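So the structure is just underneath, and the comments pick up after that.
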Amino acid sequence: MSRQATEQADLSKRYDIIVIGGGNAALCAAMTAQEAGRSVLVVEVSPEDFRGGNSRHTRNLRYMHSEGNEFLTGPYSEEEFYQDLLRVTAGKTNEKLARFTIQQSNNVGDWMAEHGCMFQPAMRGTLHLARTNAFFLGGGRALMNAYYRTAKKIGVAISYETEVQDLLIEDGVFKEVIATRDGQTHRIQASAVVVASGGFQANLDWLKEEWGEAADNFIVRGSPYDRGEVLRVLLAKGVNQIGDPRQCHAVAIDARAPKYDGGIVTRLDCVSFGIVVNREARRFYDEGEDFWPKRYAIWGRLVAKQPDQIAYSIIDSKSIDLFMPSVFPPIEAYSIAELAEKLELDPKSLEETIAGFNAATREGSFDPAELDDCVTEGLEPKKSHWARPVDSPPYYGYPLRPGITFTYLGVEVNEKAQVIMSGNKAAQNIFAAGEIMSGNILGQGYMAGFGMTIGTVFGRVAGREAANHVI
Amino acid sequence: MSSKILKEAGRVMTICNACRYCEGFCAVFPAMELRRTFTEGDLKYLANLCHNCRDCYYACQYAPPHDFDLNFPKAMAELRTETYRDFAWPKSLAKLFDRNGRTVLFTTLLSIFVVFLLTYIGKGGEAITGVHTGPKSFYQVIPYAAMLVPFTLLGLLVLVGFMRGIQNFWKETAAVVGREKVLDVKGNIQAIKDVMQLKYLEGGGHGCNYPDDEFSTIRRTMHHGVFYGFLLCLASTTIAAVYDHLYHLPAPYPFFSLPVMLGTVGGIMIVAGCCGMLWLKDEMDKRPANPNQFGMDISFVVLLLLTSASGLFLLVLRDSALMGTFLILHLGLVLAFFLSMPFGKFVHGIYRYIALVRHAQEQAASQEEH
């Protein structure tokens with residue numbers, strides 16, 4: 001970041017509060033507690049260049065506001081916000097905590113701006129979120145840079161490349177953090193701890209426990225440092241678990257993406273304009289069920305269930321300009337057989353599938369902006385919208401793999417962000433914020449910018465309550 | 001043009017166009033979003049539209065040490081310096097952009113020496129070291145015609161060079177869109193506004209990332225000092241020329257005259273601005289910089305600084321025996337500045353302006369479509 005490597009925090013000191021993690025929730029907690037007059041240590045596992053966990057890949061935050069401003073085009077009420085949440089989670093939420101989160105998010109953009117966040121109006125591709133979500137100028141990494149700068153200015157101590165091994169908890173009371181840095185083990189004492197270390201989506205071994213060998217073919221879209229080690233420690237120490245360990249937010253992304261940290265550029269928005277086949281060159285789901293932004297999150301699981309966890313989106317020249325450009329160029333061919341060979345599919349099977357699909361399409365008025373009437377007839381699975389024959393070379397193929405964004409498994413918390421121990425007793429000085437507890441509110445599904453809402457709200461609550469606990 | 005640099009610019013732009021998180025910072029990203037793929041011309045245009053504010057570098061989730069090794073400001077700067085050579089006229093002199101720092105240094109020394117030699121041959125040592133006062137005192141060291149004719153001719157040549165450069169730029173970068181016109185009135189008005197405000201050194205309203213990842217307007221302030229100082233000096237020279245040719249009032253002028261006041265304020269602004277720019281160059285994070293560009297950048301700033309400083313010294317010392325020496329020095333430096341204009345960093349302003357003219361028209365057309 002800065003020109004000189006940052007000075008590492010002193011780990012031999014005692015701090016009032018230790019924040020484990022280095023993303024949005026962690027920094028919100030650290031700044032809040034420091035501003036309340038407490039000494040705060042942030043323990044971040046990643047090197048400085050990769051600090052911020054998955055927050056560095058984010059772009060906006062959804063918050064309640066009674067009127068529009070420079071960056072938001074109109075009001076977003078508690079009720080509308082809650083209804084949106086009910087819709088995406090299909091009711092799998094905790095109403096009390098959900099409403100609390102939404103209320104606490106009221107005008108939180110002001111607080112963010114005071115702490116260095118810079119916003120921009122939504123532009124071009126993101127206008128559908130312009131009323132509900134505030135966009136960070138430059139995205140999540142710029143936000144993290146601003147927060148780290150503010151945190152440093154007000155005196156928060158930061159220790160990078162520091163891995164938490166264990167927490168000493170006696171009779172439900174937190175005593176110290178055991179962490180290693182540069183091969184040395186440190187026992188750091190504090191009066192309270194805030195755990196904001198994210199989910200376990202980058203921990204392939206853990207994913208394998210839940211998904212079996214298929215997890216080998218998953219791609220982790222975000223930070224490789226979100227390994228869930230501290231989540232595991234908390235669960236082992238008797239903190240109540242929340243959320244389905246098998247649930248994860250997974251989207252279909254370009255199979256050529258790097259194993260970790262490929263971020264936003266690996267997404268593909270072409271699925272609804274063509275067909276998707278599996279390794280056997282067979283279709284397996286309705287590609288045009290709904291608008292892509294409403295469907296991309298189910299395609300990760302759909303691809304994960306296919307043999308070898310791979311699929312191929314195939315479009316023709318009619319559709320190549322209809323979606324956001326992606327980072328890897330499409331695989332291009334002038335015949336279906338040639339495309340099949342390039343994708344290592346059986347040419348005969350792919351020709352059959354496409355011929356069958358083309359024959360099932362009907363004349364309609366194609367419109368990518370509407371749920372149009374281009375629908376297949378007598379085809380299983382059918383394609384409900386945007387079904388045009390794939391018949392205009394050149395043909396294009398994109399390989400797809402499941403890309404994991406985050407996991408839902410977490411720790412149970414109350415409105416003070418205290419974790420709940422077995423026996424349903426709140427731990428007095430152990431707090432959790434961010435992805436590690438978002439499963440309390442987001443039981444399934446996702447809506448844009450809501451992870452950042454939970455992180456900011458619970459980060460601030462955890463920082464405040466931890467500061468209150470230290471007297 | 002080294003295809004390696006173009007290839008890298010294309011690779012970088014493809015990643016950026018799939019991400020677009022930086023679209024709020026400057027003109028480059030909205031311009032990029034009008035395209036799905038990038039021709040050589042597109043890349044050269046975008047490289048010149050980039051004002052090197054570095055906001056995107058620190059915001060980038062793919063910046064090194066990430067595997068994608070995406071260093072946008074560096075990729076753009078490397079391509080930009082390549083395009084200076086590409087668009088230069090006359091072509092045979094384009095190689096002066098290689099090792100540009102040395103070229104400018106050599107040009108400067110030679111210019112001062114030539115001015116000195118001609119003066120010495122023409123007027124003798126006594127004219128140089130003597131004290132001259134009153135009207136036309138400068139001309140007693142260097143005659144009127146010896147100032148007017150070479151600089152006028154050189155000025156015209158430089159103008160032709162710039163115009164050919166603009167033509168080359170326009171032709172090469174028009175590959176895809178091609179509906180814009182270099183003389184479009186609205187486009188030029190918008191571009192002038194953008195230049196006068198240095199809008200794209202604002203980085204979405206918060207400034208640049210100089211010298212490090214903290215937002216600051218210091219680079220814009222320093223650049224404004226140099227830019228407006230330069231305009232004031234230009235105005236000073238123009239008014240002096242009018243005084244001399246139309247009203248037959250030859251230099252030197254009293255301190256409280258328009259040419260001297262404008263020149264003094266302009267000169268001080270340039271000196272201060274150049275010092276600030278040099279300080280920033282030294283202080284800044286080197287990672288997003290093009291290491292092969294330092295010679296060109298530094299030599300340009302230093303030459304501008306010395307030209308202005310020598311002018312200010314000349315003002316202070318014009319009634320002393322040092323006047324002749326500083327007049328020779330100042331005119332030598334001005335000569336060097338003129339000579340290096342089409343073959344040094346000065347061209348950045350020309351091509352960036354023209355890129356802004358294209359940008360204004362592209363954006364207006366795309367607004368109409370939506």
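Lettering and numbering for the structure tokens are positional, with chains as A, B, ... in the shown order, residues counted from 1 in each chain, and ligands counted from 1 in the shown order.
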May I have the residues within 8 Å of B:Val141 as a short mmCIF file (atom, residue, chain, number, x, y, z; two decimals) with C-alpha atoms, in the first residue's frame, using only C-alpha atoms and disregarding those fewer than 4 positions away in the same chain?
```
data_model
loop_
_atom_site.label_atom_id
_atom_site.label_comp_id
_atom_site.auth_asym_id
_atom_site.auth_seq_id
_atom_site.Cartn_x
_atom_site.Cartn_y
_atom_site.Cartn_z
CA THR B 119 26.80 36.49 -29.46
CA LYS B 123 29.15 41.38 -30.48
CA ALA B 127 29.04 43.46 -24.97
CA ILE B 128 28.35 40.39 -22.87
CA SER B 137 19.54 47.33 -23.63
CA GLY B 324 24.52 39.65 -20.74
#
```
At most 10 Å to chain A: residues in chain B, only C-alpha atoms, as JSON, numbers by chain: {"B": [11, 12, 13, 14, 15, 16, 17, 18, 19, 20, 21, 22, 23, 24, 25, 30, 33, 35, 36, 37, 55, 56, 57, 58, 59, 60, 61, 62, 63, 64, 65, 66, 67, 68, 203, 204, 205, 206, 211, 212, 213, 214, 215, 283, 284, 285, 286, 287]}
Quick one: residues within 12 Å of B:Gly266, only C-alpha atoms, excluding same-chain residues fewer than 2 positions away - as an NGL selection string? :B and (224-237 or 258-264 or 268-274 or 304-305 or 307-309 or 311-312)
Two-atom distance - atom CA of A:Ile154, atom CA of A:Ala192 (Å): 19.4 Å
So which one's closest to B:Asn71, B:Ala289, B:Ile112, B:Ile298, B:Cys275? Using only C-alpha atoms, please.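 Using only C-alpha atoms, the shortest distance to B:Asn71 belongs to B:Ala289.
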Atom CA of B:Glu40 to atom CA of B:Phe294, distance in Å rounded to a single decimal: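 Separation between atom CA of B:Glu40 and atom CA of B:Phe294: 24.7 Å.
Excluding A:Phe284 itself and same-chain residues fewer than 6 positions from it, the residues having an atom within 9 Å of it are Val276, Val277, Asn278, Leu302, Gln306, Glu380 and Pro381 of chain A, counting only C-alpha atoms.
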Can you list, as a list in words, every protein, DNA or RNA residue that comes within 12 Å of B:Gly130 when you count only C-alpha atoms, leaving out same-chain residues fewer than 4 positions away? Lys123, Gly124, Gly125, Glu126, Ser137, Phe138, Gln140, Val141, Arg318, Asp319, Ser320, Ala321, Leu322, Met323, Gly324 and Thr325 of chain B
A:Gln104 surroundings by only C-alpha atoms, 10 Å radius, close-in-sequence under 4 positions cut, as number ranges by chain: A: 63-64, 98-100, 108, 453-454, 456-458, 460-461
File dump, residues just selected, N, CA and C atoms, as a compact mmCIF listing (two decimals), in the first residue's frame:
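Contents of the output file part_27.txt:
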```txt
# COMPACT_ATOMS: atom_id res chain seq x y z
N TYR A 63 -28.25 -0.07 2.12
CA TYR A 63 -28.68 0.42 3.43
C TYR A 63 -29.99 1.18 3.35
N MET A 64 -30.67 1.16 4.50
CA MET A 64 -31.97 1.83 4.59
C MET A 64 -31.75 3.34 4.59
N ALA A 98 -32.90 -9.58 11.66
CA ALA A 98 -32.94 -9.00 10.32
C ALA A 98 -33.43 -7.56 10.39
N ARG A 99 -34.53 -7.35 11.12
CA ARG A 99 -35.07 -5.99 11.24
C ARG A 99 -34.08 -5.09 12.00
N PHE A 100 -33.43 -5.68 13.00
CA PHE A 100 -32.41 -4.93 13.74
C PHE A 100 -31.30 -4.46 12.78
N VAL A 108 -26.31 4.60 7.20
CA VAL A 108 -24.97 4.21 7.62
C VAL A 108 -23.90 4.76 6.65
N THR A 453 -23.73 -4.90 4.46
CA THR A 453 -24.64 -4.31 5.45
C THR A 453 -24.46 -5.02 6.78
N ILE A 454 -24.52 -6.35 6.73
CA ILE A 454 -24.39 -7.14 7.97
C ILE A 454 -23.04 -6.86 8.62
N THR A 456 -21.04 -4.24 8.33
CA THR A 456 -20.90 -2.88 8.87
C THR A 456 -21.72 -2.73 10.15
N VAL A 457 -22.97 -3.19 10.09
CA VAL A 457 -23.84 -3.04 11.26
C VAL A 457 -23.29 -3.84 12.44
N PHE A 458 -23.02 -5.12 12.23
CA PHE A 458 -22.56 -5.94 13.35
C PHE A 458 -21.12 -5.62 13.75
N ARG A 460 -19.93 -2.57 13.85
CA ARG A 460 -20.08 -1.41 14.74
C ARG A 460 -20.69 -1.82 16.09
N VAL A 461 -21.71 -2.71 16.02
CA VAL A 461 -22.32 -3.16 17.28
C VAL A 461 -21.29 -3.89 18.13
```
Which of these, B:Ile239, B:Leu156, B:Val302, B:Ala355, has the shortest distance to B:Trp279 once you count only C-alpha atoms?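 Of B:Ile239, B:Leu156, B:Val302, B:Ala355, the one nearest B:Trp279 is B:Val302, counting only C-alpha atoms.
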Could you pull the residues within 10 Å of stretch 164-172 of chain A, counting only C-alpha atoms, minus those fewer than 6 positions along the same chain, as a PyMOL selection string? chain A and resi 20-21+43-45+178-181+185-189+193+197+229-230+232-234+237-239+420-422+425-430
